[in-house]
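Visitor: Below is the structure I would like to discuss, written out as structure tokens.
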Amino acid sequence: MNAPSPKVASTDLFDPVQLGPYTLSNRIVMAPLTRSRADDQGVPGELQATYYSQRASAGLIVSEATNISAQGKGYIRTPGIWTKEQVEGWKLTTKAVHDKGGKIFLQLWHVGRVSHPDIQPGGAIPVAPSAVRAENQQAYTYEGFKPLVTPRALETDEIPGIVKDYAHAAECAKEAGFDGVEIHSANGYLLQQFLSDKTNKRTDRYGGSIENRTRIVVEVVDAVTKVWDSKRVGIRLSPLTKFADIGDSNPEPVYLSLIEQINPYGLAYIHVIEGDTQGERQPAGGFDLQKLRHAFKGLYMANNNYTLDLALEARAKNLADLICFGRPFISNPDLVERLRTGAPLTPPDTNTFYAGDEKGYIDYPTMDRLAG
Ligand SMILES: Cc1cc2nc3c(=O)[nH]c(=O)nc-3n(C[C@H](O)[C@H](O)[C@H](O)COP(=O)(O)O)c2cc1C
């Protein structure tokens, strides 16, 4: 092991920390990163096992977003977690990560309106809280990019079926050997479409008031924590993101209410994308996200454009318990060691984010290989 850089001498960023029943080896988390390399049935294999195990020195890995059902899918070659074959495929990854001493949660995903009939079963129109189209957004289909369509508003009596799909997927994740699950309620996908007044125009018990808009998320938390011990469950939120054309005229009370409602479940963590995903950390019109940290009873995981300096500052000022890095993990499998020793980071090749099989996926070198 190389010597730590003087910069990190007094931080606890690289020290073990307790997350529910798990002692994580450090406070650094690998963010969920869609890499679109599963097969057409959403089955991951050896390739994913190699990729994740290369990154197992993260205190915790959150898997790429994983479809809970065929209806939940919005991007080609994204993995699923509702069939036997998908469960078997994921077992390769969980075993490979565990063999290296790592921990991995699976991110549960339903894209809602961010899909396309070409990707939906039977060419169906994608579903959403309301028939509001995401503007200026493209779906990546087998025939290349296509504009998103206007989604179909879910009937009230369809919603319990979707909540059941989350529970089924959570069960499958358990069978696949994950250490826990993260409910994806961020980045403009289905659950955030319910939370946000830009996309939720419903007049039934799932729309209108804050209590109604947060209802499905609380129901999903309830369903998933019946499958998993709540200390093995986290939730991802992005109150200020504009990703996938999402937005809310006044997000602060919505998210404070949500936190108050989920607190009794005792989740392990909230995972907060601070600002606009991959963009500004403090966009205009935002609110102080530390309010969520103080309102929530579990750990606070912070993400978005973190650097080593920002992470050190967040720990020094106790602004976050865990720091989550996305893009840096794509191109630096040994990110933790590089941050600890102050080594330079390899920049990622954006052309292979969502394509390229092995290239740009499992061929990024560790420091030793760079030096050698
Ligand atoms: C290639 C790529 C794929 C992503 N896939 C997901 C995903 O599957 N689920 C999710 O919640 N966020 C996803 N994100 C967002 C990241 O988790 C993270 O929030 C974002 O990159 C900001 O963190 P960073 O500045 O450390 O990269 C993705 C981002 C990138 C660049």
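Each chain in the structure tokens gets a letter, A, B and so on, in the order shown; residues start at 1 in every chain, and ligands are counted from 1 in the order they appear.
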Do you have, as a tab-separated table, the list of residues of chain A lying at most 9 Å from ligand 1, each with its nearest atom pair and that distance in Å to one decimal, counting only C-alpha atoms and all ligand atoms and ordered by chain then number?

Guide:
residue	atom	partner	partner_atom_place_in_ligand_line	distance
A:Met30	CA	ligand 1	17 (O)	8.2
A:Ala31	CA	ligand 1	17 (O)	4.5
A:Pro32	CA	ligand 1	9 (N)	4.5
A:Leu33	CA	ligand 1	5 (N)	3.4
A:Thr34	CA	ligand 1	5 (N)	3.7
A:Arg35	CA	ligand 1	1 (C)	6.0
A:Ser36	CA	ligand 1	3 (C)	8.9
A:Val62	CA	ligand 1	9 (N)	8.7
A:Ser63	CA	ligand 1	8 (O)	7.4
A:Glu64	CA	ligand 1	8 (O)	4.2
A:Ala65	CA	ligand 1	8 (O)	3.7
A:Thr66	CA	ligand 1	8 (O)	7.3
A:Thr78	CA	ligand 1	8 (O)	8.8
A:Gln107	CA	ligand 1	9 (N)	7.2
A:Trp109	CA	ligand 1	9 (N)	8.1
A:His184	CA	ligand 1	11 (O)	6.1
A:Ser185	CA	ligand 1	11 (O)	8.1
A:Ala186	CA	ligand 1	11 (O)	6.3
A:Asn187	CA	ligand 1	11 (O)	6.5
A:Arg236	CA	ligand 1	11 (O)	6.9
A:Leu237	CA	ligand 1	11 (O)	8.5
A:Ser238	CA	ligand 1	19 (O)	8.7
A:Val272	CA	ligand 1	19 (O)	8.6
A:Ile273	CA	ligand 1	19 (O)	5.9
A:Glu274	CA	ligand 1	19 (O)	8.6
A:Asp276	CA	ligand 1	22 (C)	8.5
A:Thr277	CA	ligand 1	22 (C)	5.3
A:Gln278	CA	ligand 1	22 (C)	4.3
A:Gly279	CA	ligand 1	22 (C)	7.7
A:Asn303	CA	ligand 1	23 (O)	5.5
A:Asn304	CA	ligand 1	23 (O)	3.9
A:Asn305	CA	ligand 1	25 (O)	3.2
A:Tyr306	CA	ligand 1	26 (O)	5.6
A:Thr307	CA	ligand 1	26 (O)	8.0
A:Cys324	CA	ligand 1	26 (O)	6.5
A:Phe325	CA	ligand 1	26 (O)	3.7
A:Gly326	CA	ligand 1	26 (O)	3.5
A:Arg327	CA	ligand 1	27 (O)	3.7
A:Pro328	CA	ligand 1	26 (O)	6.3
A:Phe329	CA	ligand 1	26 (O)	8.0
A:Ile330	CA	ligand 1	1 (C)	7.9
A:Thr350	CA	ligand 1	1 (C)	7.6
A:Thr352	CA	ligand 1	1 (C)	8.5
A:Phe353	CA	ligand 1	1 (C)	4.7
A:Tyr354	CA	ligand 1	1 (C)	6.4

Visitor: Any idea what's packed within 10 Å of Leu92 of chain A, counting only C-alpha atoms, ignoring anything in its chain fewer than 3 positions away? Could you give it as a PyMOL selection string?

Guide: chain A and resi 44-50+53+87-89+95-97+176-177

Visitor: Can you pull out the residues contacting Ile76 of chain A? Cut-off 9 Å, using only C-alpha atoms, and skip same-chain residues under 4 positions away; I want them as an MDAnalysis selection string.

Guide: chainID A and resid 36:40 42 119 140:142

Visitor: Determine, counting only C-alpha atoms, which protein, DNA and RNA residues have an atom within 12 Å of an atom of Asp118 of chain A; residues of the same chain fewer than 6 positions away are not included. Present the result as a VMD selection string.

Guide: chain A and resid 70 to 71 73 to 76 124 to 126 139 to 149

Visitor: Smallest atom-to-atom distance to Ile159 of chain A: which of A:Asn200, A:Ile216, A:Ile183, A:Lys317, using only C-alpha atoms?

Guide: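 Closest candidate: A:Ile216.
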
Visitor: Pick from A:Leu108, A:Val43, A:Val218, A:Val29: nearest to Ala58 of chain A, with only C-alpha atoms counted?

Guide: A:Val29

Visitor: Write down as a ChimeraX atom specification the residues belonging to segment 139-371 of chain A that are assigned strand (DSSP E or B) by DSSP computed on the backbone.

Guide: /A:139-141,144-147,152-153,180-185,233-237,269-273,299-303,322-325

Visitor: Now that the selection is made, can you save its residues with N, CA and C atoms as a short mmCIF file (atom, residue, chain, number, x, y, z; two decimals), in the first residue's frame?

Guide:
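Wrote selection23.cif, looks like this:
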data_model
loop_
_atom_site.label_atom_id
_atom_site.label_comp_id
_atom_site.auth_asym_id
_atom_site.auth_seq_id
_atom_site.Cartn_x
_atom_site.Cartn_y
_atom_site.Cartn_z
N ALA A 139 -34.95 8.88 -26.60
CA ALA A 139 -34.78 7.51 -26.12
C ALA A 139 -33.75 6.84 -27.02
N TYR A 140 -32.91 5.99 -26.42
CA TYR A 140 -31.95 5.26 -27.24
C TYR A 140 -32.53 3.88 -27.51
N THR A 141 -32.99 3.67 -28.74
CA THR A 141 -33.66 2.43 -29.10
C THR A 141 -32.72 1.59 -29.98
N GLY A 144 -31.51 3.47 -32.87
CA GLY A 144 -30.85 4.75 -32.58
C GLY A 144 -31.75 5.66 -31.77
N PHE A 145 -31.40 6.95 -31.72
CA PHE A 145 -32.14 7.90 -30.88
C PHE A 145 -33.50 8.24 -31.49
N LYS A 146 -34.53 8.26 -30.65
CA LYS A 146 -35.87 8.68 -31.08
C LYS A 146 -36.44 9.60 -30.01
N PRO A 147 -37.23 10.61 -30.41
CA PRO A 147 -37.82 11.50 -29.39
C PRO A 147 -38.78 10.73 -28.48
N ARG A 152 -48.75 7.53 -21.20
CA ARG A 152 -50.14 7.27 -20.79
C ARG A 152 -50.21 7.42 -19.26
N ALA A 153 -51.22 8.16 -18.81
CA ALA A 153 -51.39 8.32 -17.35
C ALA A 153 -51.86 7.00 -16.74
N GLY A 180 -28.11 -5.17 -0.10
CA GLY A 180 -29.23 -4.29 0.17
C GLY A 180 -29.74 -3.71 -1.13
N VAL A 181 -30.70 -2.81 -1.02
CA VAL A 181 -31.24 -2.18 -2.23
C VAL A 181 -31.37 -0.67 -2.01
N GLU A 182 -31.28 0.04 -3.12
CA GLU A 182 -31.51 1.49 -3.11
C GLU A 182 -32.71 1.77 -4.01
N ILE A 183 -33.71 2.43 -3.46
CA ILE A 183 -34.89 2.81 -4.24
C ILE A 183 -34.54 4.07 -5.03
N HIS A 184 -34.68 3.97 -6.35
CA HIS A 184 -34.32 5.10 -7.22
C HIS A 184 -35.52 6.04 -7.33
N SER A 185 -35.44 7.12 -6.58
CA SER A 185 -36.53 8.11 -6.60
C SER A 185 -35.97 9.45 -7.07
N VAL A 233 -31.70 -0.84 3.34
CA VAL A 233 -32.42 -0.14 2.27
C VAL A 233 -32.08 1.35 2.32
N GLY A 234 -31.79 1.91 1.16
CA GLY A 234 -31.58 3.35 1.04
C GLY A 234 -32.50 3.90 -0.04
N ILE A 235 -32.52 5.21 -0.15
CA ILE A 235 -33.35 5.82 -1.19
C ILE A 235 -32.57 6.98 -1.82
N ARG A 236 -32.65 7.08 -3.15
CA ARG A 236 -31.95 8.17 -3.84
C ARG A 236 -32.92 9.28 -4.22
N LEU A 237 -32.51 10.51 -3.92
CA LEU A 237 -33.36 11.68 -4.16
C LEU A 237 -32.54 12.74 -4.90
N TYR A 269 -30.04 4.90 4.72
CA TYR A 269 -29.50 6.18 4.24
C TYR A 269 -30.43 6.86 3.24
N ILE A 270 -30.27 8.18 3.12
CA ILE A 270 -30.77 8.89 1.94
C ILE A 270 -29.55 9.27 1.11
N HIS A 271 -29.72 9.13 -0.17
CA HIS A 271 -28.64 9.40 -1.11
C HIS A 271 -29.07 10.63 -1.91
N VAL A 272 -28.42 11.75 -1.65
CA VAL A 272 -28.91 13.01 -2.21
C VAL A 272 -27.98 13.52 -3.30
N ILE A 273 -28.54 13.68 -4.48
CA ILE A 273 -27.80 14.32 -5.58
C ILE A 273 -27.92 15.82 -5.32
N LEU A 299 -28.18 7.73 7.79
CA LEU A 299 -27.00 8.36 7.22
C LEU A 299 -27.36 9.18 5.97
N TYR A 300 -26.52 10.16 5.70
CA TYR A 300 -26.69 11.04 4.54
C TYR A 300 -25.53 10.78 3.58
N MET A 301 -25.87 10.33 2.39
CA MET A 301 -24.88 10.08 1.34
C MET A 301 -24.97 11.23 0.35
N ALA A 302 -23.83 11.88 0.09
CA ALA A 302 -23.84 13.06 -0.78
C ALA A 302 -23.20 12.72 -2.12
N ASN A 303 -23.78 13.26 -3.17
CA ASN A 303 -23.24 13.02 -4.52
C ASN A 303 -23.39 14.27 -5.37
N LEU A 322 -21.40 9.85 4.04
CA LEU A 322 -20.79 9.06 2.97
C LEU A 322 -20.70 9.95 1.74
N ILE A 323 -19.62 9.78 0.97
CA ILE A 323 -19.45 10.59 -0.24
C ILE A 323 -19.45 9.65 -1.44
N CYS A 324 -20.29 9.97 -2.38
CA CYS A 324 -20.52 9.08 -3.52
C CYS A 324 -19.96 9.72 -4.80
N PHE A 325 -19.10 8.96 -5.48
CA PHE A 325 -18.48 9.42 -6.73
C PHE A 325 -19.03 8.59 -7.89
#

Visitor: Can you tell me how far atom CA of Pro251 of chain A sits from atom CA of Lys201 of chain A, in Å to one decimal?

Guide: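 Answer for the atom CA of Pro251 of chain A to atom CA of Lys201 of chain A separation: 15.4 Å.
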
Visitor: For a test of reading the model, state the distance in Å between atom CA of Asn332 of chain A and atom CA of Ser57 of chain A, rounded to one decimal.

Guide: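 For atom CA of Asn332 of chain A relative to atom CA of Ser57 of chain A, the distance reads 11.2 Å.
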
Visitor: Apply DSSP to the structure's backbone, then extract all residues of segment 82-304 of chain A labelled alpha helix (DSSP H) and return them as a PyMOL selection string.

Guide: chain A and resi 84-99+159-175+190-195+210-213+215-227+251-262+290-295

Visitor: Can those selected residues be exported to a file as a PDB file, in the first residue's frame so that it contains C-alpha atoms?

Guide:
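Printed below is result09.pdb as written:
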ATOM      1  CA  LYS A  84     -34.706 -16.068 -12.897  1.00  0.00           C
ATOM      2  CA  GLU A  85     -32.078 -15.547 -15.593  1.00  0.00           C
ATOM      3  CA  GLN A  86     -31.426 -12.000 -14.398  1.00  0.00           C
ATOM      4  CA  VAL A  87     -31.058 -13.214 -10.809  1.00  0.00           C
ATOM      5  CA  GLU A  88     -28.592 -15.906 -11.911  1.00  0.00           C
ATOM      6  CA  GLY A  89     -26.652 -13.342 -13.934  1.00  0.00           C
ATOM      7  CA  TRP A  90     -26.406 -10.933 -10.997  1.00  0.00           C
ATOM      8  CA  LYS A  91     -25.129 -13.724  -8.720  1.00  0.00           C
ATOM      9  CA  LEU A  92     -21.842 -13.590 -10.650  1.00  0.00           C
ATOM     10  CA  THR A  93     -21.455  -9.922  -9.701  1.00  0.00           C
ATOM     11  CA  THR A  94     -22.420 -10.220  -6.050  1.00  0.00           C
ATOM     12  CA  LYS A  95     -20.062 -13.181  -5.574  1.00  0.00           C
ATOM     13  CA  ALA A  96     -17.176 -11.417  -7.341  1.00  0.00           C
ATOM     14  CA  VAL A  97     -17.626  -8.272  -5.222  1.00  0.00           C
ATOM     15  CA  HIS A  98     -17.925 -10.256  -1.995  1.00  0.00           C
ATOM     16  CA  ASP A  99     -14.840 -12.313  -2.856  1.00  0.00           C
ATOM     17  CA  ILE A 159     -50.482   1.617  -9.058  1.00  0.00           C
ATOM     18  CA  PRO A 160     -50.619  -1.233  -6.506  1.00  0.00           C
ATOM     19  CA  GLY A 161     -49.299  -3.516  -9.268  1.00  0.00           C
ATOM     20  CA  ILE A 162     -46.268  -1.278  -9.719  1.00  0.00           C
ATOM     21  CA  VAL A 163     -45.636  -1.248  -5.972  1.00  0.00           C
ATOM     22  CA  LYS A 164     -45.800  -5.070  -6.100  1.00  0.00           C
ATOM     23  CA  ASP A 165     -43.240  -5.039  -8.900  1.00  0.00           C
ATOM     24  CA  TYR A 166     -40.871  -3.157  -6.587  1.00  0.00           C
ATOM     25  CA  ALA A 167     -41.424  -5.783  -3.883  1.00  0.00           C
ATOM     26  CA  HIS A 168     -40.856  -8.635  -6.338  1.00  0.00           C
ATOM     27  CA  ALA A 169     -37.670  -7.016  -7.643  1.00  0.00           C
ATOM     28  CA  ALA A 170     -36.499  -6.476  -4.052  1.00  0.00           C
ATOM     29  CA  GLU A 171     -37.025 -10.205  -3.424  1.00  0.00           C
ATOM     30  CA  CYS A 172     -35.078 -11.066  -6.563  1.00  0.00           C
ATOM     31  CA  ALA A 173     -32.239  -8.775  -5.417  1.00  0.00           C
ATOM     32  CA  LYS A 174     -32.097 -10.691  -2.163  1.00  0.00           C
ATOM     33  CA  GLU A 175     -31.942 -13.982  -3.991  1.00  0.00           C
ATOM     34  CA  LEU A 190     -41.166   7.267 -12.285  1.00  0.00           C
ATOM     35  CA  LEU A 191     -41.067   7.983  -8.553  1.00  0.00           C
ATOM     36  CA  GLN A 192     -39.786  11.525  -9.008  1.00  0.00           C
ATOM     37  CA  GLN A 193     -42.430  12.039 -11.708  1.00  0.00           C
ATOM     38  CA  PHE A 194     -45.001  11.454  -8.957  1.00  0.00           C
ATOM     39  CA  LEU A 195     -43.229  13.774  -6.517  1.00  0.00           C
ATOM     40  CA  ILE A 210     -47.917  16.864  -1.053  1.00  0.00           C
ATOM     41  CA  GLU A 211     -49.324  13.946   0.887  1.00  0.00           C
ATOM     42  CA  ASN A 212     -50.778  12.545  -2.329  1.00  0.00           C
ATOM     43  CA  ARG A 213     -47.705  13.170  -4.469  1.00  0.00           C
ATOM     44  CA  ARG A 215     -47.843   8.511  -1.491  1.00  0.00           C
ATOM     45  CA  ILE A 216     -46.393   6.071  -4.028  1.00  0.00           C
ATOM     46  CA  VAL A 217     -42.839   6.588  -2.750  1.00  0.00           C
ATOM     47  CA  VAL A 218     -43.938   5.841   0.816  1.00  0.00           C
ATOM     48  CA  GLU A 219     -45.831   2.783  -0.455  1.00  0.00           C
ATOM     49  CA  VAL A 220     -42.703   1.558  -2.225  1.00  0.00           C
ATOM     50  CA  VAL A 221     -40.617   2.106   0.920  1.00  0.00           C
ATOM     51  CA  ASP A 222     -43.245   0.177   2.873  1.00  0.00           C
ATOM     52  CA  ALA A 223     -43.266  -2.708   0.364  1.00  0.00           C
ATOM     53  CA  VAL A 224     -39.488  -2.954   0.038  1.00  0.00           C
ATOM     54  CA  THR A 225     -38.925  -2.877   3.808  1.00  0.00           C
ATOM     55  CA  LYS A 226     -41.298  -5.834   4.136  1.00  0.00           C
ATOM     56  CA  VAL A 227     -38.792  -7.769   2.010  1.00  0.00           C
ATOM     57  CA  PRO A 251     -39.476  21.093  -3.804  1.00  0.00           C
ATOM     58  CA  GLU A 252     -38.461  21.865  -0.210  1.00  0.00           C
ATOM     59  CA  PRO A 253     -41.774  21.044   1.531  1.00  0.00           C
ATOM     60  CA  VAL A 254     -42.259  17.973  -0.675  1.00  0.00           C
ATOM     61  CA  TYR A 255     -38.939  16.450   0.342  1.00  0.00           C
ATOM     62  CA  LEU A 256     -39.194  17.452   3.980  1.00  0.00           C
ATOM     63  CA  SER A 257     -42.605  15.793   4.110  1.00  0.00           C
ATOM     64  CA  LEU A 258     -41.257  12.690   2.405  1.00  0.00           C
ATOM     65  CA  ILE A 259     -38.406  12.423   4.909  1.00  0.00           C
ATOM     66  CA  GLU A 260     -40.821  12.842   7.813  1.00  0.00           C
ATOM     67  CA  GLN A 261     -43.023  10.074   6.414  1.00  0.00           C
ATOM     68  CA  ILE A 262     -40.193   7.615   5.772  1.00  0.00           C
ATOM     69  CA  GLN A 290     -28.638  20.179   4.646  1.00  0.00           C
ATOM     70  CA  LYS A 291     -32.212  20.526   5.866  1.00  0.00           C
ATOM     71  CA  LEU A 292     -32.810  17.017   4.544  1.00  0.00           C
ATOM     72  CA  ARG A 293     -29.684  15.775   6.335  1.00  0.00           C
ATOM     73  CA  HIS A 294     -30.943  17.198   9.611  1.00  0.00           C
ATOM     74  CA  ALA A 295     -34.498  15.938   9.125  1.00  0.00           C
TER      75      ALA A 295
END

Visitor: Tell me which protein, DNA and RNA residues are within 7 Å of Gly72 of chain A, counting only C-alpha atoms, leaving out same-chain ones fewer than 6 positions away, and put them as a list of chain:residue names.

Guide: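 Residues near the query, excluding close chain neighbours: A:Trp109, A:His110, A:Val111, A:Gly112.
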
Visitor: When distances are computed from only C-alpha atoms, which of A:Asp368, A:Glu337, A:Asp197, A:Asp349 shows the smallest separation from Ile28 of chain A?

Guide: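 Answer, going by the shortest atom-to-atom distance: A:Glu337.
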
Visitor: Point out the residue among A:Ser331, A:Gln41, A:Gln282, A:Gln18 with the least atom-to-atom distance to Lys231 of chain A, counting only C-alpha atoms.

Guide: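 Residue with the minimum atom-to-atom distance to Lys231 of chain A: A:Gln18.
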
Visitor: When you look at Pro4 of chain A with a cut-off of 12 Å (counting only C-alpha atoms), what residues show up, excluding the ones that are within fewer than 3 positions of it in the same chain? I need them as a list in words.

Guide: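 The filter keeps Met1, Lys7, Val8, Ala9, Ser10, Thr11, Leu13, Phe14, Val336, Glu337, Arg338, Leu339, Arg340, Thr341, Gly342 and Ala343 of chain A.
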